[in-house]
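Asker: Structure provided below as structure tokens; questions to follow.
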Amino acid sequence: MSASARFSVTVPLKVGLIGTGYAAKLRAETLQSDPRTQLVAVAGNTPERTESFAQTYQATAVLGWQQLVQRADVDLVIVCTINSEHGAIAHAALSSGKHVVVEYPLSLHPWQAEELISLAANVNKLLHVEHIELLGGLHQALRQNIAAIGTPFYARYSTINPQKPAPRKWTYHYTQFGFPFVGALSRLHRLIDLFGKVATVSCESRFWESDSEYYTACLCTAKLRFTSGLIAEATYGKGEVFSQAARPFEVYGENGCLMFNGDEGYLIQGEEKTAINVGSRRGLFAKETKMVLDHLTEGTPLYVTPDVSLYTLKVADGVRRASETGKIIEIL
């Protein structure tokens, strides 16, 4: 262990993984291939799937996350389960003396996220909120080229994901996923990372309901006015009513604009149009996991802090309140 490391950890780190979905699979693969870690336990919602997942990665299947966070042989807990459980799991794990990595959002409630950050500081344990969108090719291309367009004044970002039929799973559940811009926090986080503090937000939302607690589609459009004067619009839509996927991201500045659509990007200045190379989105969970391990064992800095994620969560909660009340909400 490097003398510059903030935490005193023993290698290999013993890891407990909560979740058996896509993100958990990518985390498990990285943990299995890194000599600094040993995946010792996995907890999931379905006993059969949890047992199968655990066997694949030579770990012990645990019945429920409550049992996993109490295990004496776990140093680090990685949370890859439904959004509504993130806050409770992180609190229990930190209180049990574990380091914690959690997929965004840290919690569906800003007050709880704030308490968790304080708790992590008090017990001197890592609390890291994953935001791999900041590591991806699109975001890096935006950051590298934004100076070329001068002072930006307008941005528009949309992600539309058709799914027919809509799955009856937690990502389409009102309370388990949370309000769309809270559950899909990365949509606002990209904008805040690029443009800074937000002054006011407004939002229009629509849900297509099924005959249960699940919906079949949602559409939310938020407008953010930044303290710099820049205006941004973010649209998040998914489900059965959409027939075409789309991921456009546009930024307009005084000297030109940046236009991205999927994996294609361009810098446009007058009549000149220059292609921008957009790096791959592959391998980001592996890269992120290794950065966390580097931070724990060597003290290297992480790419995002919980406080920054908390600020975005507060903005997202403001968007939720704007949608429910129809008012413009000031972000304090």
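We label chains A, B, ... in the order they appear in the structure tokens, count residues from 1 in each chain, and number ligands from 1 in the order shown.
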Produce a table with one row for each residue of range 101-137 of chain A that has an atom at most 8 Å from any atom of range 307-325 of chain A, each row naming the nearest atom pair and its distance in Å at one decimal; use only C-alpha atoms; arrange rows by chain and rising residue number; format as JSON lines.
Answerer:
```
{"residue": "A:Pro105", "atom": "CA", "partner": "A:Leu313", "partner_atom": "CA", "distance": 7.3}
{"residue": "A:Leu106", "atom": "CA", "partner": "A:Leu310", "partner_atom": "CA", "distance": 7.8}
{"residue": "A:Leu108", "atom": "CA", "partner": "A:Leu313", "partner_atom": "CA", "distance": 7.9}
{"residue": "A:His109", "atom": "CA", "partner": "A:Asp317", "partner_atom": "CA", "distance": 7.7}
{"residue": "A:Pro110", "atom": "CA", "partner": "A:Lys314", "partner_atom": "CA", "distance": 5.7}
{"residue": "A:Ala113", "atom": "CA", "partner": "A:Leu310", "partner_atom": "CA", "distance": 6.6}
{"residue": "A:Glu114", "atom": "CA", "partner": "A:Leu310", "partner_atom": "CA", "distance": 7.0}
{"residue": "A:Ile117", "atom": "CA", "partner": "A:Asp307", "partner_atom": "CA", "distance": 7.6}
{"residue": "A:Val129", "atom": "CA", "partner": "A:Ser309", "partner_atom": "CA", "distance": 7.1}
```
Asker: Please produce a file of those selected residues containing N, CA, C and O atoms, as a PDB file, in the first residue's frame.
Answerer:
```pdb
ATOM      1  N   PRO A 105     -28.498   7.138  -8.276  1.00  0.00           N
ATOM      2  CA  PRO A 105     -28.249   8.191  -7.294  1.00  0.00           C
ATOM      3  C   PRO A 105     -27.883   7.589  -5.940  1.00  0.00           C
ATOM      4  O   PRO A 105     -28.264   6.454  -5.635  1.00  0.00           O
ATOM      5  N   LEU A 106     -27.162   8.368  -5.130  1.00  0.00           N
ATOM      6  CA  LEU A 106     -26.822   7.922  -3.788  1.00  0.00           C
ATOM      7  C   LEU A 106     -28.083   7.640  -2.983  1.00  0.00           C
ATOM      8  O   LEU A 106     -28.140   6.700  -2.189  1.00  0.00           O
ATOM      9  N   LEU A 108     -32.690   8.653  -3.249  1.00  0.00           N
ATOM     10  CA  LEU A 108     -33.751   9.392  -3.944  1.00  0.00           C
ATOM     11  C   LEU A 108     -34.065  10.693  -3.215  1.00  0.00           C
ATOM     12  O   LEU A 108     -34.825  11.513  -3.740  1.00  0.00           O
ATOM     13  N   HIS A 109     -33.471  10.899  -2.025  1.00  0.00           N
ATOM     14  CA  HIS A 109     -33.792  12.054  -1.191  1.00  0.00           C
ATOM     15  C   HIS A 109     -32.518  12.827  -0.865  1.00  0.00           C
ATOM     16  O   HIS A 109     -31.601  12.268  -0.235  1.00  0.00           O
ATOM     17  N   PRO A 110     -32.426  14.098  -1.234  1.00  0.00           N
ATOM     18  CA  PRO A 110     -31.209  14.872  -0.939  1.00  0.00           C
ATOM     19  C   PRO A 110     -30.851  14.912   0.537  1.00  0.00           C
ATOM     20  O   PRO A 110     -29.672  14.846   0.892  1.00  0.00           O
ATOM     21  N   ALA A 113     -29.015  11.742   1.348  1.00  0.00           N
ATOM     22  CA  ALA A 113     -27.683  11.741   0.738  1.00  0.00           C
ATOM     23  C   ALA A 113     -26.728  12.609   1.539  1.00  0.00           C
ATOM     24  O   ALA A 113     -25.555  12.255   1.745  1.00  0.00           O
ATOM     25  N   GLU A 114     -27.213  13.742   2.016  1.00  0.00           N
ATOM     26  CA  GLU A 114     -26.390  14.635   2.832  1.00  0.00           C
ATOM     27  C   GLU A 114     -25.973  13.947   4.133  1.00  0.00           C
ATOM     28  O   GLU A 114     -24.814  14.044   4.569  1.00  0.00           O
ATOM     29  N   ILE A 117     -23.159  11.361   3.455  1.00  0.00           N
ATOM     30  CA  ILE A 117     -21.846  11.970   3.252  1.00  0.00           C
ATOM     31  C   ILE A 117     -21.217  12.317   4.597  1.00  0.00           C
ATOM     32  O   ILE A 117     -20.024  12.095   4.827  1.00  0.00           O
ATOM     33  N   VAL A 129     -19.921   7.682  -5.308  1.00  0.00           N
ATOM     34  CA  VAL A 129     -21.101   7.562  -6.165  1.00  0.00           C
ATOM     35  C   VAL A 129     -20.630   7.480  -7.612  1.00  0.00           C
ATOM     36  O   VAL A 129     -19.961   8.393  -8.115  1.00  0.00           O
TER      37      VAL A 129
END
```
Asker: Using only C-alpha atoms, which protein or nucleic acid residues come within 8 Å of range 204-219 of chain A? Drop anything in the same chain fewer than 5 positions from it, and give the result as a ChimeraX atom specification.
Answerer: /A:165-169,172-174,235-241,322-323,326
Asker: Name the residues of range 20-237 of chain A that fall into helix (DSSP H, G or I) according to DSSP on the backbone, using the chain letters and numbers of this document, as an MDAnalysis selection string.
Answerer: chainID A and resid 22:33 47:56 65:68 83:95 110:123 132:134 137:149 170:172 174:177 180:183 186:195
Asker: Using only C-alpha atoms, which protein or nucleic acid residues come within 10 Å of Ala184 in chain A? Drop anything in the same chain fewer than 5 positions from it, and give the result as a ChimeraX atom specification.
Answerer: /A:83,104-105,171,177-179,189,236,316
Asker: Grab the residues selected above and save them as a PDB file, in the first residue's frame with N, CA, C and O atoms.
Answerer:
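Okay, part_5.pdb is ready:
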```pdb
ATOM      1  N   ASN A  83     -32.926   1.734  -7.210  1.00  0.00           N
ATOM      2  CA  ASN A  83     -32.594   3.064  -6.697  1.00  0.00           C
ATOM      3  C   ASN A  83     -33.155   3.324  -5.301  1.00  0.00           C
ATOM      4  O   ASN A  83     -32.501   3.947  -4.468  1.00  0.00           O
ATOM      5  N   TYR A 104     -25.283   5.730  -9.129  1.00  0.00           N
ATOM      6  CA  TYR A 104     -26.148   6.890  -8.903  1.00  0.00           C
ATOM      7  C   TYR A 104     -27.615   6.470  -9.021  1.00  0.00           C
ATOM      8  O   TYR A 104     -27.922   5.522  -9.736  1.00  0.00           O
ATOM      9  N   PRO A 105     -28.498   7.138  -8.276  1.00  0.00           N
ATOM     10  CA  PRO A 105     -28.249   8.191  -7.294  1.00  0.00           C
ATOM     11  C   PRO A 105     -27.883   7.589  -5.940  1.00  0.00           C
ATOM     12  O   PRO A 105     -28.264   6.454  -5.635  1.00  0.00           O
ATOM     13  N   THR A 171     -37.111  -0.287 -13.256  1.00  0.00           N
ATOM     14  CA  THR A 171     -36.825   0.945 -13.991  1.00  0.00           C
ATOM     15  C   THR A 171     -38.087   1.610 -14.532  1.00  0.00           C
ATOM     16  O   THR A 171     -38.030   2.751 -14.996  1.00  0.00           O
ATOM     17  N   PHE A 177     -37.691   3.307  -9.022  1.00  0.00           N
ATOM     18  CA  PHE A 177     -36.764   4.056  -9.868  1.00  0.00           C
ATOM     19  C   PHE A 177     -36.641   5.500  -9.401  1.00  0.00           C
ATOM     20  O   PHE A 177     -35.564   6.089  -9.447  1.00  0.00           O
ATOM     21  N   GLY A 178     -37.753   6.064  -8.925  1.00  0.00           N
ATOM     22  CA  GLY A 178     -37.763   7.465  -8.545  1.00  0.00           C
ATOM     23  C   GLY A 178     -38.189   8.353  -9.696  1.00  0.00           C
ATOM     24  O   GLY A 178     -38.387   7.899 -10.835  1.00  0.00           O
ATOM     25  N   PHE A 179     -38.354   9.641  -9.424  1.00  0.00           N
ATOM     26  CA  PHE A 179     -38.678  10.588 -10.485  1.00  0.00           C
ATOM     27  C   PHE A 179     -37.613  10.479 -11.580  1.00  0.00           C
ATOM     28  O   PHE A 179     -36.424  10.363 -11.272  1.00  0.00           O
ATOM     29  N   HIS A 189     -26.415  15.603 -14.615  1.00  0.00           N
ATOM     30  CA  HIS A 189     -25.039  15.701 -14.147  1.00  0.00           C
ATOM     31  C   HIS A 189     -24.083  16.105 -15.254  1.00  0.00           C
ATOM     32  O   HIS A 189     -23.126  16.861 -15.023  1.00  0.00           O
ATOM     33  N   TYR A 236     -35.885  13.350 -21.236  1.00  0.00           N
ATOM     34  CA  TYR A 236     -35.689  11.929 -20.944  1.00  0.00           C
ATOM     35  C   TYR A 236     -36.995  11.214 -21.246  1.00  0.00           C
ATOM     36  O   TYR A 236     -38.047  11.539 -20.682  1.00  0.00           O
ATOM     37  N   ALA A 316     -31.982  17.893  -9.325  1.00  0.00           N
ATOM     38  CA  ALA A 316     -32.962  16.935  -9.836  1.00  0.00           C
ATOM     39  C   ALA A 316     -34.220  16.922  -8.984  1.00  0.00           C
ATOM     40  O   ALA A 316     -35.339  16.810  -9.507  1.00  0.00           O
TER      41      ALA A 316
END
```
Asker: Nearest to Ala147 in chain A among A:Gln55, A:Gln244, A:Ser107, A:Asn255, with distances taken over only C-alpha atoms: which residue is it?
Answerer: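 Comparing A:Gln55, A:Gln244, A:Ser107, A:Asn255 against Ala147 in chain A, the winner is A:Asn255.
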Asker: Determine which residues of range 142-239 of chain A DSSP labels as strand (DSSP E) from the backbone of this structure, then write them out as an NGL selection string.
Answerer: :A and (152-162 or 198-209 or 215-226 or 231-239)
Asker: Can you write out the residues you just picked, keeping N, CA and C atoms, as a short mmCIF file (atom, residue, chain, number, x, y, z; two decimals), in the first residue's frame?
Answerer:
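result22.cif was written with the following content:
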```cif
data_model
loop_
_atom_site.label_atom_id
_atom_site.label_comp_id
_atom_site.auth_asym_id
_atom_site.auth_seq_id
_atom_site.Cartn_x
_atom_site.Cartn_y
_atom_site.Cartn_z
N PRO A 152 -20.64 29.56 -24.14
CA PRO A 152 -21.88 28.86 -24.49
C PRO A 152 -23.10 29.56 -23.87
N PHE A 153 -24.22 29.53 -24.60
CA PHE A 153 -25.43 30.18 -24.08
C PHE A 153 -26.67 29.28 -24.14
N TYR A 154 -26.58 28.15 -24.87
CA TYR A 154 -27.73 27.26 -24.96
C TYR A 154 -27.24 25.83 -25.17
N ALA A 155 -27.88 24.89 -24.47
CA ALA A 155 -27.56 23.47 -24.64
C ALA A 155 -28.85 22.67 -24.65
N ARG A 156 -28.84 21.60 -25.41
CA ARG A 156 -30.00 20.70 -25.48
C ARG A 156 -29.52 19.27 -25.51
N TYR A 157 -30.07 18.47 -24.59
CA TYR A 157 -29.64 17.08 -24.46
C TYR A 157 -30.88 16.21 -24.32
N SER A 158 -30.96 15.18 -25.17
CA SER A 158 -32.14 14.32 -25.17
C SER A 158 -31.71 12.86 -25.26
N THR A 159 -32.36 12.02 -24.45
CA THR A 159 -32.19 10.58 -24.58
C THR A 159 -33.57 9.93 -24.67
N ILE A 160 -33.84 9.30 -25.78
CA ILE A 160 -35.12 8.62 -26.03
C ILE A 160 -34.83 7.14 -26.24
N ASN A 161 -35.50 6.30 -25.46
CA ASN A 161 -35.25 4.86 -25.54
C ASN A 161 -36.57 4.11 -25.71
N PRO A 162 -36.90 3.70 -26.95
CA PRO A 162 -38.13 2.91 -27.16
C PRO A 162 -37.99 1.51 -26.56
N VAL A 198 -26.70 26.06 -11.01
CA VAL A 198 -28.02 26.26 -11.60
C VAL A 198 -28.78 27.29 -10.76
N ALA A 199 -29.47 28.22 -11.43
CA ALA A 199 -30.26 29.24 -10.73
C ALA A 199 -31.70 28.81 -10.56
N THR A 200 -32.35 28.38 -11.65
CA THR A 200 -33.76 27.98 -11.59
C THR A 200 -34.01 26.79 -12.50
N VAL A 201 -35.07 26.04 -12.20
CA VAL A 201 -35.48 24.91 -13.03
C VAL A 201 -36.99 24.92 -13.20
N SER A 202 -37.44 24.35 -14.32
CA SER A 202 -38.86 24.07 -14.55
C SER A 202 -38.95 22.74 -15.27
N CYS A 203 -40.14 22.14 -15.30
CA CYS A 203 -40.24 20.81 -15.88
C CYS A 203 -41.68 20.49 -16.27
N GLU A 204 -41.82 19.78 -17.39
CA GLU A 204 -43.09 19.19 -17.81
C GLU A 204 -42.88 17.69 -17.93
N SER A 205 -43.82 16.91 -17.38
CA SER A 205 -43.70 15.45 -17.41
C SER A 205 -45.02 14.80 -17.79
N ARG A 206 -44.92 13.61 -18.38
CA ARG A 206 -46.10 12.82 -18.69
C ARG A 206 -45.76 11.35 -18.52
N PHE A 207 -46.71 10.60 -17.94
CA PHE A 207 -46.54 9.16 -17.76
C PHE A 207 -47.72 8.44 -18.41
N TRP A 208 -47.40 7.33 -19.06
CA TRP A 208 -48.44 6.46 -19.62
C TRP A 208 -48.60 5.30 -18.64
N GLU A 209 -49.72 5.23 -17.99
CA GLU A 209 -49.91 4.29 -16.90
C GLU A 209 -50.42 2.94 -17.39
N TYR A 215 -45.44 1.96 -14.99
CA TYR A 215 -45.91 2.71 -16.15
C TYR A 215 -45.33 2.09 -17.41
N THR A 216 -45.93 2.40 -18.54
CA THR A 216 -45.47 1.82 -19.80
C THR A 216 -44.57 2.78 -20.59
N ALA A 217 -44.59 4.06 -20.22
CA ALA A 217 -43.74 5.05 -20.87
C ALA A 217 -43.72 6.32 -20.04
N CYS A 218 -42.65 7.08 -20.20
CA CYS A 218 -42.59 8.39 -19.55
C CYS A 218 -41.87 9.36 -20.47
N LEU A 219 -42.19 10.63 -20.30
CA LEU A 219 -41.54 11.71 -21.05
C LEU A 219 -41.41 12.90 -20.11
N CYS A 220 -40.17 13.33 -19.89
CA CYS A 220 -39.91 14.48 -19.02
C CYS A 220 -38.96 15.44 -19.73
N THR A 221 -39.33 16.71 -19.73
CA THR A 221 -38.46 17.76 -20.28
C THR A 221 -38.23 18.82 -19.22
N ALA A 222 -36.96 19.03 -18.87
CA ALA A 222 -36.59 20.02 -17.87
C ALA A 222 -35.87 21.18 -18.53
N LYS A 223 -36.10 22.37 -18.00
CA LYS A 223 -35.36 23.55 -18.44
C LYS A 223 -34.56 24.08 -17.25
N LEU A 224 -33.27 24.25 -17.48
CA LEU A 224 -32.38 24.75 -16.44
C LEU A 224 -31.79 26.08 -16.87
N ARG A 225 -31.90 27.08 -15.99
CA ARG A 225 -31.20 28.34 -16.21
C ARG A 225 -30.00 28.38 -15.26
N PHE A 226 -28.82 28.44 -15.83
CA PHE A 226 -27.60 28.44 -15.03
C PHE A 226 -27.27 29.86 -14.57
N ILE A 231 -28.97 28.69 -20.86
CA ILE A 231 -30.22 27.95 -20.74
C ILE A 231 -30.01 26.57 -21.34
N ALA A 232 -30.44 25.53 -20.61
CA ALA A 232 -30.30 24.16 -21.08
C ALA A 232 -31.63 23.45 -20.99
N GLU A 233 -31.89 22.59 -21.95
CA GLU A 233 -33.07 21.73 -21.94
C GLU A 233 -32.62 20.28 -21.94
N ALA A 234 -33.21 19.49 -21.07
CA ALA A 234 -32.91 18.06 -20.99
C ALA A 234 -34.20 17.28 -21.13
N THR A 235 -34.22 16.31 -22.03
CA THR A 235 -35.40 15.48 -22.24
C THR A 235 -35.03 14.02 -22.01
N TYR A 236 -35.88 13.35 -21.24
CA TYR A 236 -35.69 11.93 -20.94
C TYR A 236 -36.99 11.21 -21.25
N GLY A 237 -36.94 10.27 -22.17
CA GLY A 237 -38.13 9.51 -22.53
C GLY A 237 -37.81 8.05 -22.75
N LYS A 238 -38.74 7.19 -22.37
CA LYS A 238 -38.54 5.76 -22.59
C LYS A 238 -39.90 5.07 -22.61
N GLY A 239 -39.93 3.90 -23.26
CA GLY A 239 -41.13 3.10 -23.20
C GLY A 239 -41.82 2.85 -24.52
#
```
Asker: If we count only C-alpha atoms and set the cut-off at 7 Å, which residues sit around Arg27 in chain A, ignoring sequence neighbours fewer than 6 positions away in its own chain? Please answer as a ChimeraX atom specification.
Answerer: /A:285-286,289
Asker: Could those residues be written to a file, using N, CA and C atoms, as an mmCIF file, in the first residue's frame?
Answerer:
```cif
data_model
loop_
_atom_site.group_PDB
_atom_site.id
_atom_site.type_symbol
_atom_site.label_atom_id
_atom_site.label_comp_id
_atom_site.auth_asym_id
_atom_site.auth_seq_id
_atom_site.Cartn_x
_atom_site.Cartn_y
_atom_site.Cartn_z
ATOM 1 N N PHE A 285 -17.329 0.671 -16.790
ATOM 2 C CA PHE A 285 -17.470 0.140 -15.435
ATOM 3 C C PHE A 285 -16.149 -0.455 -14.953
ATOM 4 N N ALA A 286 -15.425 -1.114 -15.848
ATOM 5 C CA ALA A 286 -14.121 -1.662 -15.484
ATOM 6 C C ALA A 286 -13.143 -0.534 -15.144
ATOM 7 N N THR A 289 -14.179 0.985 -11.756
ATOM 8 C CA THR A 289 -13.854 0.110 -10.634
ATOM 9 C C THR A 289 -12.367 0.159 -10.319
#
```
Asker: With only C-alpha atoms as the basis for distance, which of A:Glu51, A:Gly87, A:Leu293, A:Ile146 is at the shortest distance from Val15 in chain A?
Answerer: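 Comparing A:Glu51, A:Gly87, A:Leu293, A:Ile146 against Val15 in chain A, the winner is A:Leu293.
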Asker: Using only C-alpha atoms, can you tell me which of A:Val74, A:Leu267, A:Ile331, A:Leu126 comes closest to Leu302 in chain A?
Answerer: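 For Leu302 in chain A, the nearest of the given residues is A:Leu126.
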Asker: Please provide as a list in words all residues within 10 Å of Gln269 in chain A, with the sequence filter that same-chain residues fewer than 6 positions apart are discarded (counting only C-alpha atoms).
Answerer: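 Answer for this query is Ala148, Ile149, Gly253, Glu254, Asn255, Gly256, Cys257 and Leu258 of chain A.
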